[in-house]
Protein chains: 2
Amino acid sequence: MLPFSLTVRPGEPIVEQIVYAVTRAVVSGQLRAGDRFPSVRTLSQELKVNPNTAQRIVALLVEAGLLAVEPGVGTVVTNHRQPTAGGADAATRRSDLAALEERLAEPLVVEARRLGIGLADLVEIVRRQWKRLDQSR
Amino acid sequence: MLPFSLTVRPGEPIVEQIVYAVTRAVVSGQLRAGDRFPSVRTLSQELKVNPNTAQRIVALLVEAGLLAVEPGVGTVVTNHRQPTAGGADAATRRSDLAALEERLAEPLVVEARRLGIGLADLVEIVRRQWKRLDQSR
DNA sequence: ATAGTGTACTAGTCTAATTAGTACACCTAT
DNA sequence: ATAGGTGTACTAATTAGACTAGTACACTAT
């Protein structure tokens, strides 16, 4: 049994979907700092995915600062956004924020307006999603 | 000169990017109801894209309820989300809302938490993006 | 030593996006 | 009516990216 829930959406890159599923599990508290993460080979079998693909997933999660490698042992869930935990320097942080605004926030606002949803309702939707992540803990 | 601004992001489907650019132009008021939209062949030339691709863009925008076809004449920007304007029945609307929550709102919240951004700050970001669309009018 | 861990590398396969080319039905001017 | 504009439909070829396949290496715990 994998320590995170996953519903595959055919047509979109499997790697991104899994990375997102793990990220959601971490930020919602389903995976906590210190928890051991499945090995590349285990991931490969459970997800029925190529070892190479599983490796790329782990690498991306390490780069994102959600997993830490203990050489020869395995990977562990980290306390993300900890002081100098990952590679989160000032410049990285600034570009991350810019990406969040451009790739996530703006498209959300655009789609909301297309559907005729007002700002107040949109904010309420965001608040609800935020609390939903807390509840799944 | 095209009636919308576009910055291509290599690696992502060109069709989606252009559809998004037009959608943003419409919901921000840069394109208003009644404005004529460039023909498929004009689009093809200006965007340096295959006529087939341009046609698919127009088709998607019509399906989204942003453009209306005047047979033999061309396409016009519609007053989107008008009573029974597009194909926006109750069921479509419900699934559109669900997609907005799952594909846009939740990922935004997840990424915000990954970056250590609080709910209040996130809401402020959404508000700022909303107003930014008004200013670009 | 043995078996587990992450990592690296080169090919090959497979699928989706885009391009290419042609054709048709429609409308509006000249 | 004829010429030139519009959106639409269709099949085929090409391109690009994601994923798979297979092998090998350095490291660590037991």
# chains A, B, ... in the order shown; residues from 1 in each chain; ligands from 1
call {"tool": "closest_atom_pairs", "arguments": {"of": "chain D", "to": "chain B", "cutoff": "9 Å", "atoms": "only C-alpha atoms (C1' of nucleotides)", "output": "JSON lines"}}
result
{"residue": "D:DG5", "atom": "C1'", "partner": "B:Val73", "partner_atom": "CA", "distance": 7.7}
{"residue": "D:DT6", "atom": "C1'", "partner": "B:Gly72", "partner_atom": "CA", "distance": 4.3}
{"residue": "D:DG7", "atom": "C1'", "partner": "B:Pro71", "partner_atom": "CA", "distance": 6.8}
{"residue": "D:DT8", "atom": "C1'", "partner": "B:Gln55", "partner_atom": "CA", "distance": 8.3}
{"residue": "D:DA16", "atom": "C1'", "partner": "B:Gly11", "partner_atom": "CA", "distance": 8.8}
{"residue": "D:DG17", "atom": "C1'", "partner": "B:Gly11", "partner_atom": "CA", "distance": 8.4}
call {"tool": "write_last_selection", "arguments": {"atoms": "N, CA and C atoms (P, O5', C5', C4', C3', O3' and C1' of nucleotides)", "output": "mmCIF file, in the first residue's frame"}}
result
data_model
loop_
_atom_site.group_PDB
_atom_site.id
_atom_site.type_symbol
_atom_site.label_atom_id
_atom_site.label_comp_id
_atom_site.auth_asym_id
_atom_site.auth_seq_id
_atom_site.Cartn_x
_atom_site.Cartn_y
_atom_site.Cartn_z
ATOM 1 P P DG D 5 -9.497 36.832 -51.542
ATOM 2 O "O5'" DG D 5 -10.221 36.431 -50.164
ATOM 3 C "C5'" DG D 5 -10.739 37.447 -49.336
ATOM 4 C "C4'" DG D 5 -12.039 37.004 -48.689
ATOM 5 C "C3'" DG D 5 -11.900 35.935 -47.597
ATOM 6 O "O3'" DG D 5 -11.546 36.534 -46.354
ATOM 7 C "C1'" DG D 5 -13.822 35.559 -48.959
ATOM 8 P P DT D 6 -11.096 35.650 -45.164
ATOM 9 O "O5'" DT D 6 -12.371 34.764 -44.791
ATOM 10 C "C5'" DT D 6 -13.286 35.254 -43.806
ATOM 11 C "C4'" DT D 6 -14.472 34.318 -43.664
ATOM 12 C "C3'" DT D 6 -14.177 32.982 -43.006
ATOM 13 O "O3'" DT D 6 -14.092 33.134 -41.611
ATOM 14 C "C1'" DT D 6 -15.634 32.687 -44.845
ATOM 15 P P DG D 7 -13.161 32.144 -40.819
ATOM 16 O "O5'" DG D 7 -14.107 30.877 -40.586
ATOM 17 C "C5'" DG D 7 -15.351 31.042 -39.917
ATOM 18 C "C4'" DG D 7 -16.211 29.795 -40.107
ATOM 19 C "C3'" DG D 7 -15.695 28.552 -39.379
ATOM 20 O "O3'" DG D 7 -16.792 27.799 -38.869
ATOM 21 C "C1'" DG D 7 -15.812 28.114 -41.695
ATOM 22 P P DT D 8 -16.495 26.519 -38.004
ATOM 23 O "O5'" DT D 8 -16.385 25.345 -39.097
ATOM 24 C "C5'" DT D 8 -17.565 24.933 -39.782
ATOM 25 C "C4'" DT D 8 -17.286 23.732 -40.651
ATOM 26 C "C3'" DT D 8 -16.632 22.548 -39.918
ATOM 27 O "O3'" DT D 8 -17.494 21.428 -39.987
ATOM 28 C "C1'" DT D 8 -15.572 22.979 -42.007
ATOM 29 P P DA D 16 10.844 18.387 -34.350
ATOM 30 O "O5'" DA D 16 10.121 18.061 -32.963
ATOM 31 C "C5'" DA D 16 8.835 18.623 -32.730
ATOM 32 C "C4'" DA D 16 8.336 18.200 -31.370
ATOM 33 C "C3'" DA D 16 9.427 18.064 -30.319
ATOM 34 O "O3'" DA D 16 8.941 18.554 -29.093
ATOM 35 C "C1'" DA D 16 8.305 15.998 -30.569
ATOM 36 P P DG D 17 9.945 18.679 -27.826
ATOM 37 O "O5'" DG D 17 9.255 17.685 -26.789
ATOM 38 C "C5'" DG D 17 7.850 17.788 -26.571
ATOM 39 C "C4'" DG D 17 7.350 16.551 -25.867
ATOM 40 C "C3'" DG D 17 8.150 16.187 -24.617
ATOM 41 O "O3'" DG D 17 7.257 16.101 -23.527
ATOM 42 C "C1'" DG D 17 7.922 14.301 -26.068
#
call {"tool": "closest_atom_pairs", "arguments": {"of": "chain C", "to": "chain A", "cutoff": "8 Å", "atoms": "only C-alpha atoms (C1' of nucleotides)", "output": "Markdown table"}}
result
| residue | atom | partner | partner_atom | distance |
| --- | --- | --- | --- | --- |
| C:DG4 | C1' | A:Val73 | CA | 7.8 |
| C:DT5 | C1' | A:Gly72 | CA | 4.3 |
| C:DG6 | C1' | A:Pro71 | CA | 6.8 |
call {"tool": "write_last_selection", "arguments": {"atoms": "C-alpha atoms (C1' of nucleotides)", "output": "CSV table (one decimal), in the first residue's frame"}}
result
chain,number,residue,atom,x,y,z
C,4,DG,C1',19.1,-3.4,-0.6
C,5,DT,C1',19.3,1.8,-1.8
C,6,DG,C1',19.7,5.9,-5.4
call {"tool": "select_by_dssp", "arguments": {"residues": "chain B", "states": "helix (DSSP H, G or I)", "output": "PyMOL selection string"}}
result
chain B and resi 14-27+40-46+51-63+90-114+119-135
call {"tool": "calpha_fit_and_write", "arguments": {"fixed": "chain A", "moving": "chain B", "output": "PDB file with C-alpha atoms, in the first residue's frame"}}
result
ATOM      1  CA  MET B   1      -0.122   0.025  -0.078  1.00  0.00           C
ATOM      2  CA  LEU B   2       1.319   3.370  -1.096  1.00  0.00           C
ATOM      3  CA  PRO B   3       1.352   6.260   1.384  1.00  0.00           C
ATOM      4  CA  PHE B   4      -0.544   8.556  -0.971  1.00  0.00           C
ATOM      5  CA  SER B   5      -3.705   8.439  -3.055  1.00  0.00           C
ATOM      6  CA  LEU B   6      -3.553   8.605  -6.812  1.00  0.00           C
ATOM      7  CA  THR B   7      -6.147   8.779  -9.566  1.00  0.00           C
ATOM      8  CA  VAL B   8      -4.553   8.588 -12.987  1.00  0.00           C
ATOM      9  CA  ARG B   9      -5.822  10.970 -15.632  1.00  0.00           C
ATOM     10  CA  PRO B  10      -4.973   9.437 -19.026  1.00  0.00           C
ATOM     11  CA  GLY B  11      -3.406  11.804 -21.518  1.00  0.00           C
ATOM     12  CA  GLU B  12      -1.354  13.789 -19.034  1.00  0.00           C
ATOM     13  CA  PRO B  13       2.250  12.872 -18.157  1.00  0.00           C
ATOM     14  CA  ILE B  14       2.252  10.152 -15.524  1.00  0.00           C
ATOM     15  CA  VAL B  15       5.353  11.576 -13.864  1.00  0.00           C
ATOM     16  CA  GLU B  16       3.759  14.959 -13.207  1.00  0.00           C
ATOM     17  CA  GLN B  17       0.604  13.356 -11.887  1.00  0.00           C
ATOM     18  CA  ILE B  18       2.469  11.229  -9.371  1.00  0.00           C
ATOM     19  CA  VAL B  19       4.731  14.086  -8.299  1.00  0.00           C
ATOM     20  CA  TYR B  20       1.604  16.137  -7.729  1.00  0.00           C
ATOM     21  CA  ALA B  21      -0.103  13.362  -5.765  1.00  0.00           C
ATOM     22  CA  VAL B  22       2.897  13.050  -3.449  1.00  0.00           C
ATOM     23  CA  THR B  23       3.164  16.811  -3.077  1.00  0.00           C
ATOM     24  CA  ARG B  24      -0.492  16.991  -2.101  1.00  0.00           C
ATOM     25  CA  ALA B  25      -0.004  14.197   0.416  1.00  0.00           C
ATOM     26  CA  VAL B  26       2.912  16.060   1.982  1.00  0.00           C
ATOM     27  CA  VAL B  27       1.354  19.517   2.214  1.00  0.00           C
ATOM     28  CA  SER B  28      -1.868  18.023   3.553  1.00  0.00           C
ATOM     29  CA  GLY B  29      -0.066  16.141   6.298  1.00  0.00           C
ATOM     30  CA  GLN B  30      -0.815  12.630   5.048  1.00  0.00           C
ATOM     31  CA  LEU B  31       2.927  12.247   4.722  1.00  0.00           C
ATOM     32  CA  ARG B  32       4.897  13.737   7.584  1.00  0.00           C
ATOM     33  CA  ALA B  33       8.538  14.706   7.965  1.00  0.00           C
ATOM     34  CA  GLY B  34      10.587  11.621   8.818  1.00  0.00           C
ATOM     35  CA  ASP B  35       8.294   9.124   7.136  1.00  0.00           C
ATOM     36  CA  ARG B  36      10.139   6.672   4.916  1.00  0.00           C
ATOM     37  CA  PHE B  37       9.272   6.906   1.252  1.00  0.00           C
ATOM     38  CA  PRO B  38       8.955   3.781  -0.945  1.00  0.00           C
ATOM     39  CA  SER B  39      12.078   2.783  -2.838  1.00  0.00           C
ATOM     40  CA  VAL B  40      12.441   3.435  -6.549  1.00  0.00           C
ATOM     41  CA  ARG B  41      11.952  -0.249  -7.304  1.00  0.00           C
ATOM     42  CA  THR B  42       8.928  -0.566  -5.029  1.00  0.00           C
ATOM     43  CA  LEU B  43       7.380   2.518  -6.592  1.00  0.00           C
ATOM     44  CA  SER B  44       8.023   1.031 -10.007  1.00  0.00           C
ATOM     45  CA  GLN B  45       6.158  -2.147  -9.130  1.00  0.00           C
ATOM     46  CA  GLU B  46       3.241  -0.625  -7.230  1.00  0.00           C
ATOM     47  CA  LEU B  47       2.602   2.046  -9.837  1.00  0.00           C
ATOM     48  CA  LYS B  48       3.246  -0.401 -12.682  1.00  0.00           C
ATOM     49  CA  VAL B  49       5.705   2.046 -14.106  1.00  0.00           C
ATOM     50  CA  ASN B  50       9.219   1.771 -15.493  1.00  0.00           C
ATOM     51  CA  PRO B  51      12.027   1.952 -12.884  1.00  0.00           C
ATOM     52  CA  ASN B  52      13.458   4.815 -14.896  1.00  0.00           C
ATOM     53  CA  THR B  53      10.209   6.719 -14.566  1.00  0.00           C
ATOM     54  CA  ALA B  54      10.040   6.031 -10.841  1.00  0.00           C
ATOM     55  CA  GLN B  55      13.601   7.306 -10.484  1.00  0.00           C
ATOM     56  CA  ARG B  56      12.684  10.552 -12.223  1.00  0.00           C
ATOM     57  CA  ILE B  57       9.749  10.988  -9.867  1.00  0.00           C
ATOM     58  CA  VAL B  58      12.007  10.647  -6.843  1.00  0.00           C
ATOM     59  CA  ALA B  59      14.561  13.023  -8.373  1.00  0.00           C
ATOM     60  CA  LEU B  60      11.906  15.681  -8.964  1.00  0.00           C
ATOM     61  CA  LEU B  61      10.568  15.344  -5.441  1.00  0.00           C
ATOM     62  CA  VAL B  62      14.083  15.726  -4.042  1.00  0.00           C
ATOM     63  CA  GLU B  63      14.608  18.798  -6.210  1.00  0.00           C
ATOM     64  CA  ALA B  64      11.313  20.193  -4.942  1.00  0.00           C
ATOM     65  CA  GLY B  65      12.594  19.758  -1.390  1.00  0.00           C
ATOM     66  CA  LEU B  66       9.945  17.236  -0.355  1.00  0.00           C
ATOM     67  CA  LEU B  67      12.199  14.187  -0.134  1.00  0.00           C
ATOM     68  CA  ALA B  68      15.749  13.762   1.151  1.00  0.00           C
ATOM     69  CA  VAL B  69      18.102  10.993   0.101  1.00  0.00           C
ATOM     70  CA  GLU B  70      19.944   8.965   2.711  1.00  0.00           C
ATOM     71  CA  PRO B  71      22.644   7.367   0.554  1.00  0.00           C
ATOM     72  CA  GLY B  72      22.522   3.599   0.481  1.00  0.00           C
ATOM     73  CA  VAL B  73      19.433   3.560   2.675  1.00  0.00           C
ATOM     74  CA  GLY B  74      16.543   5.237   0.886  1.00  0.00           C
ATOM     75  CA  THR B  75      14.554   8.447   0.895  1.00  0.00           C
ATOM     76  CA  VAL B  76      12.685  10.205   3.675  1.00  0.00           C
ATOM     77  CA  VAL B  77      10.007  12.875   3.689  1.00  0.00           C
ATOM     78  CA  THR B  78      11.576  16.178   4.704  1.00  0.00           C
ATOM     79  CA  ASN B  79      10.214  19.109   6.606  1.00  0.00           C
ATOM     80  CA  HIS B  80       9.805  21.166   3.448  1.00  0.00           C
ATOM     81  CA  ARG B  81      10.503  24.911   3.292  1.00  0.00           C
ATOM     82  CA  GLN B  82      12.785  24.607   6.312  1.00  0.00           C
ATOM     83  CA  PRO B  83      15.629  27.188   6.629  1.00  0.00           C
ATOM     84  CA  THR B  84      18.079  26.257   3.861  1.00  0.00           C
ATOM     85  CA  ALA B  85      16.593  22.787   3.723  1.00  0.00           C
ATOM     86  CA  GLY B  86      16.298  22.351  -0.013  1.00  0.00           C
ATOM     87  CA  GLY B  87      17.803  24.620  -2.659  1.00  0.00           C
ATOM     88  CA  ALA B  88      15.384  27.408  -1.838  1.00  0.00           C
ATOM     89  CA  ASP B  89      17.478  30.553  -2.120  1.00  0.00           C
ATOM     90  CA  ALA B  90      16.006  34.005  -2.652  1.00  0.00           C
ATOM     91  CA  ALA B  91      16.132  33.913  -6.455  1.00  0.00           C
ATOM     92  CA  THR B  92      14.518  30.471  -6.654  1.00  0.00           C
ATOM     93  CA  ARG B  93      11.807  31.587  -4.299  1.00  0.00           C
ATOM     94  CA  ARG B  94      11.049  34.679  -6.359  1.00  0.00           C
ATOM     95  CA  SER B  95      10.720  32.704  -9.594  1.00  0.00           C
ATOM     96  CA  ASP B  96       8.594  30.079  -7.837  1.00  0.00           C
ATOM     97  CA  LEU B  97       6.227  32.828  -6.763  1.00  0.00           C
ATOM     98  CA  ALA B  98       6.136  34.308 -10.242  1.00  0.00           C
ATOM     99  CA  ALA B  99       5.353  30.886 -11.705  1.00  0.00           C
ATOM    100  CA  LEU B 100       2.550  30.404  -9.189  1.00  0.00           C
ATOM    101  CA  GLU B 101       0.972  33.687 -10.227  1.00  0.00           C
ATOM    102  CA  GLU B 102       1.365  33.193 -13.968  1.00  0.00           C
ATOM    103  CA  ARG B 103       0.761  29.462 -14.336  1.00  0.00           C
ATOM    104  CA  LEU B 104      -1.784  28.858 -11.577  1.00  0.00           C
ATOM    105  CA  ALA B 105      -3.374  32.019 -10.181  1.00  0.00           C
ATOM    106  CA  GLU B 106      -4.045  33.817 -13.456  1.00  0.00           C
ATOM    107  CA  PRO B 107      -5.526  30.772 -15.248  1.00  0.00           C
ATOM    108  CA  LEU B 108      -7.787  30.205 -12.255  1.00  0.00           C
ATOM    109  CA  VAL B 109      -9.029  33.782 -12.416  1.00  0.00           C
ATOM    110  CA  VAL B 110      -9.482  33.663 -16.196  1.00  0.00           C
ATOM    111  CA  GLU B 111     -11.491  30.443 -16.039  1.00  0.00           C
ATOM    112  CA  ALA B 112     -13.596  31.740 -13.165  1.00  0.00           C
ATOM    113  CA  ARG B 113     -14.511  34.842 -15.155  1.00  0.00           C
ATOM    114  CA  ARG B 114     -15.279  32.745 -18.202  1.00  0.00           C
ATOM    115  CA  LEU B 115     -17.766  30.789 -16.102  1.00  0.00           C
ATOM    116  CA  GLY B 116     -19.242  33.968 -14.694  1.00  0.00           C
ATOM    117  CA  ILE B 117     -18.001  33.335 -11.180  1.00  0.00           C
ATOM    118  CA  GLY B 118     -17.496  36.493  -9.111  1.00  0.00           C
ATOM    119  CA  LEU B 119     -14.410  37.394  -7.095  1.00  0.00           C
ATOM    120  CA  ALA B 120     -16.105  36.723  -3.767  1.00  0.00           C
ATOM    121  CA  ASP B 121     -17.238  33.264  -4.832  1.00  0.00           C
ATOM    122  CA  LEU B 122     -13.813  32.479  -6.246  1.00  0.00           C
ATOM    123  CA  VAL B 123     -12.121  33.433  -2.985  1.00  0.00           C
ATOM    124  CA  GLU B 124     -14.594  31.224  -1.163  1.00  0.00           C
ATOM    125  CA  ILE B 125     -13.677  28.305  -3.449  1.00  0.00           C
ATOM    126  CA  VAL B 126      -9.987  28.811  -2.701  1.00  0.00           C
ATOM    127  CA  ARG B 127     -10.712  28.890   1.042  1.00  0.00           C
ATOM    128  CA  ARG B 128     -12.737  25.697   0.808  1.00  0.00           C
ATOM    129  CA  GLN B 129      -9.956  23.889  -1.079  1.00  0.00           C
ATOM    130  CA  TRP B 130      -7.487  25.046   1.553  1.00  0.00           C
ATOM    131  CA  LYS B 131      -9.578  23.586   4.349  1.00  0.00           C
ATOM    132  CA  ARG B 132     -10.230  20.407   2.404  1.00  0.00           C
ATOM    133  CA  LEU B 133      -6.490  19.684   2.522  1.00  0.00           C
ATOM    134  CA  ASP B 134      -6.538  20.073   6.299  1.00  0.00           C
ATOM    135  CA  GLN B 135      -9.432  17.650   6.677  1.00  0.00           C
ATOM    136  CA  SER B 136      -7.746  14.932   4.664  1.00  0.00           C
ATOM    137  CA  ARG B 137      -5.058  14.761   7.327  1.00  0.00           C
TER     138      ARG B 137
END
call {"tool": "residues_around", "arguments": {"residues": "DA12 in chain D", "least_positions_apart": "4", "cutoff": "12 Å", "atoms": "only C-alpha atoms (C1' of nucleotides)", "output": "ChimeraX atom specification"}}
result
/C:19-22
call {"tool": "residues_around", "arguments": {"residues": "DT2 in chain C", "least_positions_apart": "2", "cutoff": "12 Å", "atoms": "only C-alpha atoms (C1' of nucleotides)", "output": "PyMOL selection string"}}
result
(chain C and resi 4) or (chain D and resi 28-30)
call {"tool": "select_by_dssp", "arguments": {"residues": "range 1-130 of chain A", "states": "strand (DSSP E)", "output": "ChimeraX atom specification"}}
result
/A:36-37,67-70,74-77
call {"tool": "residues_around", "arguments": {"residues": "DC9 in chain C", "least_positions_apart": "2", "cutoff": "12 Å", "atoms": "only C-alpha atoms (C1' of nucleotides)", "output": "PyMOL selection string"}}
result
(chain A and resi 52) or (chain C and resi 7+11) or (chain D and resi 22-25)
call {"tool": "write_last_selection", "arguments": {"atoms": "N, CA and C atoms (P, O5', C5', C4', C3', O3' and C1' of nucleotides)", "output": "compact mmCIF listing (two decimals), in the first residue's frame"}}
result
# COMPACT_ATOMS: atom_id res chain seq x y z
N ASN A 52 12.93 3.54 -14.49
CA ASN A 52 13.46 4.82 -14.93
C ASN A 52 12.50 5.96 -14.62
P DT C 7 18.84 9.85 -6.27
O5' DT C 7 19.87 9.27 -7.36
C5' DT C 7 21.26 9.37 -7.09
C4' DT C 7 22.06 8.92 -8.31
C3' DT C 7 21.68 9.60 -9.62
O3' DT C 7 22.80 10.32 -10.10
C1' DT C 7 21.92 7.25 -9.91
P DA C 11 23.69 5.23 -28.36
O5' DA C 11 22.50 4.31 -28.85
C5' DA C 11 21.31 4.27 -28.09
C4' DA C 11 20.59 2.95 -28.27
C3' DA C 11 19.59 2.99 -29.41
O3' DA C 11 19.38 1.68 -29.94
C1' DA C 11 18.45 3.01 -27.31
P DG D 22 13.71 -5.69 -21.65
O5' DG D 22 15.26 -5.35 -21.37
C5' DG D 22 16.06 -4.89 -22.43
C4' DG D 22 17.41 -4.42 -21.90
C3' DG D 22 17.96 -5.25 -20.74
O3' DG D 22 19.19 -5.85 -21.12
C1' DG D 22 18.21 -2.93 -20.34
P DT D 23 19.95 -6.90 -20.08
O5' DT D 23 21.17 -6.00 -19.59
C5' DT D 23 21.83 -5.15 -20.53
C4' DT D 23 22.68 -4.13 -19.81
C3' DT D 23 23.48 -4.69 -18.65
O3' DT D 23 24.87 -4.66 -18.94
C1' DT D 23 22.51 -2.55 -18.15
P DA D 24 25.95 -5.31 -17.88
O5' DA D 24 26.45 -4.03 -17.07
C5' DA D 24 26.76 -2.83 -17.78
C4' DA D 24 26.95 -1.69 -16.79
C3' DA D 24 27.76 -2.05 -15.54
O3' DA D 24 28.93 -1.26 -15.50
C1' DA D 24 25.80 -0.81 -14.98
P DC D 25 30.13 -1.68 -14.45
O5' DC D 25 30.03 -0.54 -13.33
C5' DC D 25 30.00 0.83 -13.72
C4' DC D 25 29.52 1.69 -12.56
C3' DC D 25 30.20 1.38 -11.22
O3' DC D 25 30.94 2.51 -10.79
C1' DC D 25 27.85 1.66 -10.97
call {"tool": "residues_around", "arguments": {"residues": "DT15 in chain D", "least_positions_apart": "5", "cutoff": "12 Å", "atoms": "only C-alpha atoms (C1' of nucleotides)", "output": "ChimeraX atom specification"}}
result
/C:15-19
